[in-house]
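Enquirer: Input my_file_29.cif, format and content: mmCIF, C-alpha atoms.
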data_protein
loop_
_atom_site.label_atom_id
_atom_site.label_comp_id
_atom_site.auth_asym_id
_atom_site.auth_seq_id
_atom_site.Cartn_x
_atom_site.Cartn_y
_atom_site.Cartn_z
CA MET A 1 11.12 1.74 -14.03
CA SER A 2 12.66 3.26 -10.89
CA LEU A 3 11.22 1.10 -8.12
CA ARG A 4 10.07 2.70 -4.89
CA GLN A 5 11.49 1.25 -1.70
CA VAL A 6 9.68 0.86 1.62
CA ILE A 7 10.51 3.73 3.98
CA LYS A 8 8.03 3.01 6.78
CA LYS A 9 5.68 0.29 8.02
CA ILE A 10 2.64 1.19 10.14
CA SER A 11 0.50 -1.22 12.12
CA ALA A 12 -2.44 -0.48 14.40
CA ASP A 13 -4.17 -2.34 17.20
CA LEU A 14 -7.91 -2.88 17.37
CA GLU A 15 -9.82 -0.29 19.38
CA ASN A 16 -13.45 0.53 20.08
CA GLU A 17 -15.08 3.53 18.44
CA GLY A 18 -18.57 4.87 17.92
CA ASP A 19 -21.43 2.65 19.01
CA GLY A 20 -20.19 -0.93 19.05
CA ALA A 21 -17.63 -0.55 16.25
CA VAL A 22 -14.10 -1.96 16.29
CA VAL A 23 -11.49 -0.12 14.21
CA ARG A 24 -7.82 -0.08 13.22
CA LYS A 25 -6.56 3.47 12.67
CA ASN A 26 -3.61 2.92 10.36
CA ILE A 27 -3.18 6.51 9.18
CA THR A 28 -3.71 9.26 11.75
CA LYS A 29 -2.68 12.83 12.56
CA ILE A 30 0.96 11.94 13.07
CA HIS A 31 1.24 10.76 9.46
CA HIS A 32 -0.22 13.85 7.72
CA GLU A 33 3.07 15.28 6.50
CA LEU A 34 4.46 11.92 5.39
CA LEU A 35 1.30 10.86 3.54
CA ASP A 36 -0.07 14.12 2.05
CA PRO A 37 -2.81 14.25 0.63
CA PHE A 38 -4.13 11.38 2.78
CA VAL A 39 -5.56 12.28 6.17
CA SER A 40 -6.86 9.00 7.57
CA LEU A 41 -7.20 5.30 6.82
CA VAL A 42 -9.45 3.20 9.05
CA GLU A 43 -10.44 -0.43 8.78
CA PHE A 44 -13.74 -0.96 10.60
CA SER A 45 -15.94 -3.82 11.76
CA VAL A 46 -19.42 -3.16 13.09
CA SER A 47 -22.49 -5.24 13.96
CA PRO A 48 -26.07 -4.31 14.96
CA PRO A 49 -27.16 -2.54 17.06
CA GLY A 50 -23.89 -0.59 16.82
CA GLY A 51 -22.86 1.83 14.12
CA PHE A 52 -21.79 5.38 13.33
CA ARG A 53 -24.87 7.44 14.14
CA ASP A 54 -25.62 10.96 12.95
CA HIS A 55 -22.34 12.93 12.84
CA PRO A 56 -20.98 16.00 11.02
CA HIS A 57 -18.27 16.68 8.48
CA ARG A 58 -17.24 19.89 6.78
CA ASP A 59 -15.10 21.18 3.96
CA GLN A 60 -14.99 24.83 5.02
CA LEU A 61 -12.81 27.92 4.80
CA CYS A 62 -9.41 26.68 3.60
CA THR A 63 -9.38 22.88 3.70
CA GLY A 64 -11.50 19.77 4.20
CA PHE A 65 -11.62 16.24 2.88
CA GLU A 66 -13.35 13.64 0.77
CA SER A 67 -13.88 10.08 1.95
CA VAL A 68 -13.78 6.79 0.07
CA THR A 69 -15.63 3.91 1.73
CA TYR A 70 -14.84 0.43 0.39
CA MET A 71 -16.86 -2.50 1.73
CA LEU A 72 -15.03 -5.81 2.20
CA GLN A 73 -17.88 -7.79 3.78
CA GLY A 74 -21.54 -7.18 4.57
CA GLY A 75 -23.03 -3.73 4.02
CA ILE A 76 -23.40 -0.23 5.43
CA ILE A 77 -26.65 1.77 5.28
CA TYR A 78 -25.71 5.38 4.52
CA GLN A 79 -28.07 8.34 5.11
CA ASP A 80 -27.47 12.11 5.05
CA PHE A 81 -29.45 15.28 5.57
CA ASN A 82 -29.56 15.92 1.81
CA GLY A 83 -32.03 13.04 1.55
CA HIS A 84 -29.50 10.55 0.15
CA LYS A 85 -29.98 6.99 1.44
CA ILE A 86 -28.33 3.87 0.06
CA THR A 87 -26.81 0.57 1.17
CA ILE A 88 -23.15 0.07 0.25
CA HIS A 89 -22.69 -3.68 -0.25
CA GLU A 90 -19.61 -5.90 -0.31
CA GLY A 91 -17.27 -4.76 -3.09
CA ASP A 92 -19.07 -1.41 -3.54
CA VAL A 93 -17.40 1.99 -3.18
CA GLN A 94 -18.84 5.29 -1.99
CA TRP A 95 -17.23 8.67 -2.64
CA MET A 96 -18.42 11.37 -0.22
CA THR A 97 -17.60 15.08 -0.37
CA ALA A 98 -18.52 16.93 2.81
CA GLY A 99 -18.61 20.33 1.07
CA LYS A 100 -20.12 23.20 3.02
CA GLY A 101 -21.29 20.75 5.65
CA ILE A 102 -23.02 17.42 5.99
CA ILE A 103 -24.64 15.33 8.72
CA HIS A 104 -24.82 11.63 7.98
CA SER A 105 -25.02 8.18 9.53
CA GLU A 106 -23.43 4.86 8.61
CA MET A 107 -25.17 1.84 10.12
CA PRO A 108 -24.59 -1.92 9.71
CA GLU A 109 -26.83 -3.90 7.38
CA GLN A 110 -25.84 -7.45 8.40
CA GLN A 111 -24.38 -9.21 11.42
CA VAL A 112 -20.82 -8.95 10.07
CA ASN A 113 -19.83 -5.73 8.25
CA ASN A 114 -16.21 -4.91 7.48
CA GLY A 115 -14.76 -2.16 5.35
CA LEU A 116 -12.17 0.54 4.86
CA GLN A 117 -12.55 4.30 4.85
CA LEU A 118 -9.91 6.61 3.38
CA TRP A 119 -9.93 10.38 3.93
CA ILE A 120 -8.34 12.54 1.23
CA ASN A 121 -7.47 16.15 1.90
CA LEU A 122 -8.89 18.89 -0.33
CA PRO A 123 -6.98 21.96 -1.58
CA SER A 124 -8.22 25.38 -0.51
CA VAL A 125 -9.53 26.21 -4.00
CA ASP A 126 -12.14 23.45 -3.71
CA LYS A 127 -13.77 24.54 -0.47
CA MET A 128 -17.39 25.52 0.08
CA ILE A 129 -18.65 23.25 -2.69
CA ASP A 130 -21.96 21.49 -2.21
CA SER A 131 -21.82 18.23 -0.33
CA LYS A 132 -22.52 15.06 -2.27
CA ALA A 133 -22.26 11.29 -2.12
CA LEU A 134 -22.19 8.84 -5.00
CA GLU A 135 -21.63 5.12 -5.29
CA LEU A 136 -19.91 2.67 -7.61
CA SER A 137 -21.25 -0.88 -7.38
CA SER A 138 -18.90 -3.86 -7.45
CA SER A 139 -20.11 -4.81 -10.93
CA GLU A 140 -19.22 -1.33 -12.23
CA ILE A 141 -15.60 -1.42 -11.04
CA PRO A 142 -13.25 -2.20 -13.98
CA ARG A 143 -11.05 -5.29 -13.54
CA ALA A 144 -8.06 -6.86 -15.23
CA GLU A 145 -6.14 -10.09 -14.79
CA GLU A 146 -2.84 -11.46 -16.10
CA ASP A 147 -0.11 -13.82 -14.89
CA ARG A 148 -2.14 -14.86 -11.81
CA VAL A 149 -2.60 -11.25 -10.72
CA GLU A 150 -6.07 -9.66 -10.53
CA VAL A 151 -6.69 -5.95 -10.02
CA LYS A 152 -9.88 -3.98 -9.38
CA VAL A 153 -9.34 -0.44 -10.64
CA ILE A 154 -11.33 1.76 -8.26
CA ALA A 155 -9.41 4.89 -9.26
CA GLY A 156 -6.52 5.38 -11.64
CA GLU A 157 -5.17 2.91 -14.20
CA SER A 158 -3.65 -0.57 -14.15
CA MET A 159 -3.00 -3.25 -16.79
CA GLY A 160 -4.41 -0.94 -19.45
CA VAL A 161 -7.73 -0.55 -17.62
CA GLN A 162 -8.85 2.85 -16.35
CA SER A 163 -11.54 3.87 -13.87
CA PRO A 164 -13.27 7.23 -13.71
CA SER A 165 -12.07 9.29 -10.76
CA TYR A 166 -14.51 10.90 -8.34
CA THR A 167 -12.08 12.89 -6.19
CA LYS A 168 -10.87 16.46 -6.64
CA VAL A 169 -7.30 15.42 -5.87
CA PRO A 170 -5.95 12.93 -8.44
CA ILE A 171 -5.51 9.52 -6.80
CA MET A 172 -4.87 5.86 -7.57
CA PHE A 173 -6.87 3.23 -5.65
CA LEU A 174 -6.14 -0.34 -6.77
CA ASP A 175 -7.26 -3.61 -5.15
CA PHE A 176 -4.72 -6.34 -6.04
CA THR A 177 -4.94 -10.08 -5.46
CA LEU A 178 -1.75 -12.04 -6.14
CA GLN A 179 -1.91 -15.82 -6.31
CA PRO A 180 0.91 -17.80 -4.63
CA ARG A 181 4.36 -16.92 -6.05
CA ALA A 182 2.87 -14.23 -8.30
CA GLN A 183 4.44 -10.79 -8.74
CA THR A 184 3.16 -7.47 -10.04
CA HIS A 185 4.74 -4.19 -11.19
CA GLN A 186 2.67 -1.01 -11.12
CA THR A 187 3.60 2.41 -12.48
CA VAL A 188 2.96 5.32 -10.08
CA PRO A 189 3.53 9.01 -10.94
CA GLU A 190 6.92 9.95 -9.52
CA SER A 191 5.73 13.04 -7.64
CA TRP A 192 2.84 11.24 -5.91
CA THR A 193 2.68 9.88 -2.38
CA ALA A 194 2.15 6.10 -2.38
CA PHE A 195 1.39 3.41 0.16
CA ALA A 196 -0.04 -0.11 0.32
CA TYR A 197 -2.48 -1.62 2.81
CA VAL A 198 -2.43 -5.39 3.28
CA ILE A 199 -5.94 -6.80 3.56
CA ASP A 200 -5.12 -10.51 3.63
CA GLY A 201 -1.94 -12.58 3.54
CA ASP A 202 1.28 -12.35 5.54
CA GLU A 203 3.96 -13.18 2.97
CA GLY A 204 4.08 -10.16 0.70
CA VAL A 205 7.40 -8.50 -0.11
CA PHE A 206 7.00 -4.84 -1.10
CA SER A 207 10.62 -3.75 -1.61
CA SER A 208 13.55 -5.04 -3.63
CA SER A 209 15.93 -3.81 -0.92
CA ASP A 210 14.01 -5.39 1.97
CA SER A 211 12.96 -9.04 1.66
CA SER A 212 11.04 -9.05 4.96
CA THR A 213 7.35 -9.83 4.63
CA VAL A 214 4.50 -7.59 5.78
CA GLN A 215 1.66 -8.68 8.05
CA ALA A 216 -2.03 -8.24 7.24
CA HIS A 217 -3.65 -4.98 8.43
CA SER A 218 -0.40 -3.05 7.96
CA VAL A 219 0.43 0.05 5.92
CA VAL A 220 3.59 0.10 3.81
CA VAL A 221 4.80 3.61 2.88
CA PHE A 222 6.89 3.93 -0.28
CA GLY A 223 9.69 6.38 -1.01
CA LYS A 224 10.51 8.10 -4.30
CA GLY A 225 10.33 6.40 -7.68
CA ASN A 226 7.91 5.80 -10.53
CA GLY A 227 6.94 2.19 -9.85
CA VAL A 228 6.06 -0.37 -7.21
CA SER A 229 6.89 -4.08 -7.30
CA VAL A 230 5.16 -6.62 -5.02
CA LEU A 231 5.87 -10.35 -4.68
CA ASN A 232 3.73 -12.93 -2.94
CA THR A 233 6.27 -15.37 -1.50
CA SER A 234 3.63 -17.76 -0.17
CA SER A 235 3.37 -21.16 -1.85
CA SER A 236 -0.26 -21.67 -0.86
CA ARG A 237 -2.06 -18.44 0.12
CA PRO A 238 -3.15 -15.47 -2.01
CA LEU A 239 -2.04 -11.95 -1.08
CA ARG A 240 -4.58 -9.14 -1.21
CA PHE A 241 -3.61 -5.51 -0.79
CA LEU A 242 -4.62 -2.00 -1.77
CA LEU A 243 -2.16 0.22 -3.61
CA ILE A 244 -3.11 3.85 -3.01
CA ALA A 245 -1.34 6.95 -4.32
CA GLY A 246 -2.18 10.61 -4.70
CA GLU A 247 -0.83 14.01 -5.67
CA PRO A 248 0.40 15.95 -2.60
CA ILE A 249 -1.29 19.27 -1.80
CA GLY A 250 1.36 20.84 0.40
CA GLU A 251 -1.00 22.77 2.66
CA PRO A 252 -1.15 22.78 6.49
CA VAL A 253 -3.53 20.27 8.07
CA VAL A 254 -5.27 20.60 11.44
CA GLN A 255 -7.71 17.81 12.31
CA HIS A 256 -10.27 17.76 15.10
CA GLY A 257 -12.47 14.67 14.93
CA PRO A 258 -14.52 14.88 11.72
CA PHE A 259 -13.28 18.38 10.86
CA VAL A 260 -10.13 18.85 8.75
CA MET A 261 -8.89 22.44 8.38
CA ASN A 262 -5.76 24.56 7.92
CA SER A 263 -5.61 26.14 11.39
CA GLN A 264 -7.01 25.86 14.89
CA ALA A 265 -8.94 29.10 14.35
CA GLU A 266 -10.78 27.50 11.43
CA ILE A 267 -11.52 24.43 13.57
CA ASP A 268 -13.02 26.69 16.25
CA MET A 269 -15.15 28.50 13.68
CA THR A 270 -16.40 25.21 12.22
CA ILE A 271 -17.42 23.88 15.62
CA GLY A 272 -19.27 27.14 16.25
CA ASP A 273 -21.09 26.93 12.93
CA TYR A 274 -22.09 23.33 13.63
CA ARG A 275 -23.45 24.19 17.06
CA SER A 276 -25.29 27.21 15.64
CA ALA A 277 -26.60 25.28 12.60
CA LYS A 278 -25.35 27.83 10.06
CA ASN A 279 -23.00 28.14 7.08
CA GLY A 280 -23.74 24.68 5.69
CA PHE A 281 -25.12 23.07 8.84
CA GLU A 282 -28.60 24.59 8.62
CA GLY A 283 -30.22 21.14 8.72
CA ALA A 284 -28.15 19.90 11.63
CA LYS A 285 -30.70 20.47 14.40
CA SER A 286 -33.80 19.14 12.65
CA TRP A 287 -32.53 16.09 10.73
CA ARG A 288 -32.37 12.60 12.23
CA SER A 289 -31.55 9.40 10.40
CA GLU A 290 -34.24 6.73 10.23
#
Using structure tokens, write down the structure from this file.
Expert:
Amino acid sequence: MSLRQVIKKISADLENEGDGAVVRKNITKIHHELLDPFVSLVEFSVSPPGGFRDHPHRDQLCTGFESVTYMLQGGIIYQDFNGHKITIHEGDVQWMTAGKGIIHSEMPEQQVNNGLQLWINLPSVDKMIDSKALELSSSEIPRAEEDRVEVKVIAGESMGVQSPSYTKVPIMFLDFTLQPRAQTHQTVPESWTAFAYVIDGDEGVFSSSDSSTVQAHSVVVFGKGNGVSVLNTSSSRPLRFLLIAGEPIGEPVVQHGPFVMNSQAEIDMTIGDYRSAKNGFEGAKSWRSE
């Protein structure tokens, strides 16, 4: 196994967003080229009466995105103008494809609601598909455990366990928990982009060439190789992190809020379609979440 080394560490401060939500934006516009096909990674915390009220997304013209929402605590009530309504509870995952256009809301279910949302770019050949959202409950997520290492296989394969993938772009999305002094080795396709996000624990070492530990709520970007090795150096505290990887698309990315396109002209057209309620946004003016 040719181990990947850490080439960049990204941390983000807490900031307010939406209606009463607090977020950490760990992957943003400035990281698009480095982390293709990933567009955004946000850790969010929201309590009533706040939330992310009715807002648009689109996969239109040449590029767009899919989102993966993973709840760490509490729940989020999701609604969209296709009539889909569901509560995503702790440990559940939702895969959402914006397609031709979608208006949806994400509102807190409990007093404390924390989660992560990952945006994955879409190649131009997969544009103008119908929007959809589907969920995978915590009990449906495959798991494996060996040598004091547990993994939840949300997408991809680990420890001989495989999960069905719900994204157009092939990705790996693994939730690891390492007990004190435990270590894990994970194979990652050599051509894929890979990074880790530390959820909990401050004593993880993610590189054989760099023994410095990584703080919680940080992104660790890996260089080339076909494997990742992680060691929990703590003698008393577990380390929990996500290992995420995906096949690069290699297309231009222009992002404007919830719209992800190939050019500014396409962004302008999308905003016009949204305001005019056409080309996928026909229900935009009449629909309101409950």
Enquirer: As an exercise, work out the distance from atom CA of Leu231 of chain A to atom CA of Glu203 of chain A in Å and give it to one decimal place.
Expert: 8.4 Å
Enquirer: List the residues selected by the PyMOL selection byres ((chain A and resi 198) around 12) in the file shown, writing them as a PyMOL selection string.
Expert: chain A and resi 9-11+26+43+116+174-178+195-197+199-206+213-221+230+232+238-244
Enquirer: A:His89, A:Lys168, A:Lys132, A:Arg181: which is nearest Val112 of chain A, counting all atoms listed in the file?
Expert: A:His89
Enquirer: So that I can check the surroundings of Asp92 of chain A, please list as number ranges by chain every protein, DNA and RNA residue that reaches within 9 Å of it, counting all atoms listed in the file and ignoring chain neighbours fewer than 6 positions away.
Expert: A: 69-72, 75, 135-141
Enquirer: Could you dump the residues just selected with C-alpha atoms as a CSV table (one decimal), keeping the file's coordinate frame?
Expert:
chain,number,residue,atom,x,y,z
A,69,THR,CA,-15.6,3.9,1.7
A,70,TYR,CA,-14.8,0.4,0.4
A,71,MET,CA,-16.9,-2.5,1.7
A,72,LEU,CA,-15.0,-5.8,2.2
A,75,GLY,CA,-23.0,-3.7,4.0
A,135,GLU,CA,-21.6,5.1,-5.3
A,136,LEU,CA,-19.9,2.7,-7.6
A,137,SER,CA,-21.2,-0.9,-7.4
A,138,SER,CA,-18.9,-3.9,-7.4
A,139,SER,CA,-20.1,-4.8,-10.9
A,140,GLU,CA,-19.2,-1.3,-12.2
A,141,ILE,CA,-15.6,-1.4,-11.0
Enquirer: What is the distance, in Å and to one decimal place, between atom CA of Pro123 of chain A and atom CA of Lys8 of chain A?
Expert: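 Those two atoms sit 25.6 Å apart.
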Enquirer: May I ask for the distance between atom CA of Arg4 of chain A and atom CA of Trp192 of chain A, given in Å to one decimal place?
Expert: 11.2 Å
Enquirer: Can you report as lines of an AutoDock Vina configuration file the centre and edge lengths in Å, to one decimal, of an axis-aligned box around the listed atoms of segment 182-196 of chain A padded with 6 Å on each side?
Expert:
center_x = 3.4
center_y = -0.6
center_z = -6.1
size_x = 19.0
size_y = 39.3
size_z = 24.8
Enquirer: For this structure, which residues satisfy the selection - the PyMOL selection byres ((chain A and resi 158-164) around 9) - when it is evaluated on the file as given? I want them as a PDB file with C-alpha atoms, in the frame of the given file.
Expert:
ATOM      1  CA  ILE A 141     -15.600  -1.420 -11.040  1.00  0.00           C
ATOM      2  CA  PRO A 142     -13.250  -2.200 -13.980  1.00  0.00           C
ATOM      3  CA  ARG A 143     -11.050  -5.290 -13.540  1.00  0.00           C
ATOM      4  CA  ALA A 144      -8.060  -6.860 -15.230  1.00  0.00           C
ATOM      5  CA  GLU A 145      -6.140 -10.090 -14.790  1.00  0.00           C
ATOM      6  CA  GLU A 146      -2.840 -11.460 -16.100  1.00  0.00           C
ATOM      7  CA  VAL A 151      -6.690  -5.950 -10.020  1.00  0.00           C
ATOM      8  CA  LYS A 152      -9.880  -3.980  -9.380  1.00  0.00           C
ATOM      9  CA  VAL A 153      -9.340  -0.440 -10.640  1.00  0.00           C
ATOM     10  CA  ILE A 154     -11.330   1.760  -8.260  1.00  0.00           C
ATOM     11  CA  ALA A 155      -9.410   4.890  -9.260  1.00  0.00           C
ATOM     12  CA  GLY A 156      -6.520   5.380 -11.640  1.00  0.00           C
ATOM     13  CA  GLU A 157      -5.170   2.910 -14.200  1.00  0.00           C
ATOM     14  CA  SER A 165     -12.070   9.290 -10.760  1.00  0.00           C
ATOM     15  CA  TYR A 166     -14.510  10.900  -8.340  1.00  0.00           C
ATOM     16  CA  LEU A 174      -6.140  -0.340  -6.770  1.00  0.00           C
ATOM     17  CA  GLN A 186       2.670  -1.010 -11.120  1.00  0.00           C
ATOM     18  CA  THR A 187       3.600   2.410 -12.480  1.00  0.00           C
TER      19      THR A 187
END
Enquirer: Quick one: residues within 12 Å of Lys85 of chain A, all atoms listed in the file, excluding same-chain residues fewer than 3 positions away - as a PyMOL selection string?
Expert: chain A and resi 76-82+88+94+104-107+132-135+289-290
Enquirer: Which residue out of A:Val46, A:Val125, A:Val188, A:Ala245 has the minimum interatomic distance to Asn113 of chain A when only C-alpha atoms are used?
Expert: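 Closest residue, counting only C-alpha atoms: A:Val46.
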Enquirer: Would you tabulate, counting only C-alpha atoms, all residues of segment 89-126 of chain A that have an atom at most 7 Å from an atom of segment 36-42 of chain A, showing the closest pair of atoms and their distance in Å to one decimal, sorted by chain then ascending number, as JSON lines?
Expert:
{"residue": "A:Leu116", "atom": "CA", "partner": "A:Val42", "partner_atom": "CA", "distance": 5.7}
{"residue": "A:Gln117", "atom": "CA", "partner": "A:Val42", "partner_atom": "CA", "distance": 5.3}
{"residue": "A:Leu118", "atom": "CA", "partner": "A:Leu41", "partner_atom": "CA", "distance": 4.6}
{"residue": "A:Trp119", "atom": "CA", "partner": "A:Ser40", "partner_atom": "CA", "distance": 5.0}
{"residue": "A:Ile120", "atom": "CA", "partner": "A:Phe38", "partner_atom": "CA", "distance": 4.6}
{"residue": "A:Asn121", "atom": "CA", "partner": "A:Pro37", "partner_atom": "CA", "distance": 5.2}
Enquirer: Print the selection's residues with C-alpha atoms to a file, as a short mmCIF file (atom, residue, chain, number, x, y, z; two decimals), in the frame of the given file.
Expert:
data_model
loop_
_atom_site.label_atom_id
_atom_site.label_comp_id
_atom_site.auth_asym_id
_atom_site.auth_seq_id
_atom_site.Cartn_x
_atom_site.Cartn_y
_atom_site.Cartn_z
CA LEU A 116 -12.17 0.54 4.86
CA GLN A 117 -12.55 4.30 4.85
CA LEU A 118 -9.91 6.61 3.38
CA TRP A 119 -9.93 10.38 3.93
CA ILE A 120 -8.34 12.54 1.23
CA ASN A 121 -7.47 16.15 1.90
#
Enquirer: Can you translate the PyMOL selection byres ((chain A and resi 247) around 7) into the concrete residues it hits in this file, as a short mmCIF file (atom, residue, chain, number, x, y, z; two decimals) with C-alpha atoms, in the frame of the given file?
Expert:
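Produced file out_38.cif, reproduced below:
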data_model
loop_
_atom_site.label_atom_id
_atom_site.label_comp_id
_atom_site.auth_asym_id
_atom_site.auth_seq_id
_atom_site.Cartn_x
_atom_site.Cartn_y
_atom_site.Cartn_z
CA PRO A 37 -2.81 14.25 0.63
CA VAL A 169 -7.30 15.42 -5.87
CA PRO A 170 -5.95 12.93 -8.44
CA ILE A 171 -5.51 9.52 -6.80
CA SER A 191 5.73 13.04 -7.64
CA TRP A 192 2.84 11.24 -5.91
CA THR A 193 2.68 9.88 -2.38
CA GLY A 246 -2.18 10.61 -4.70
CA PRO A 248 0.40 15.95 -2.60
CA ILE A 249 -1.29 19.27 -1.80
#
Enquirer: Which one of A:His185, A:His31, A:Arg24, A:Arg237 sits closest to Val253 of chain A if you count only C-alpha atoms?
Expert: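 Closest to Val253 of chain A, using only C-alpha atoms: A:His31.
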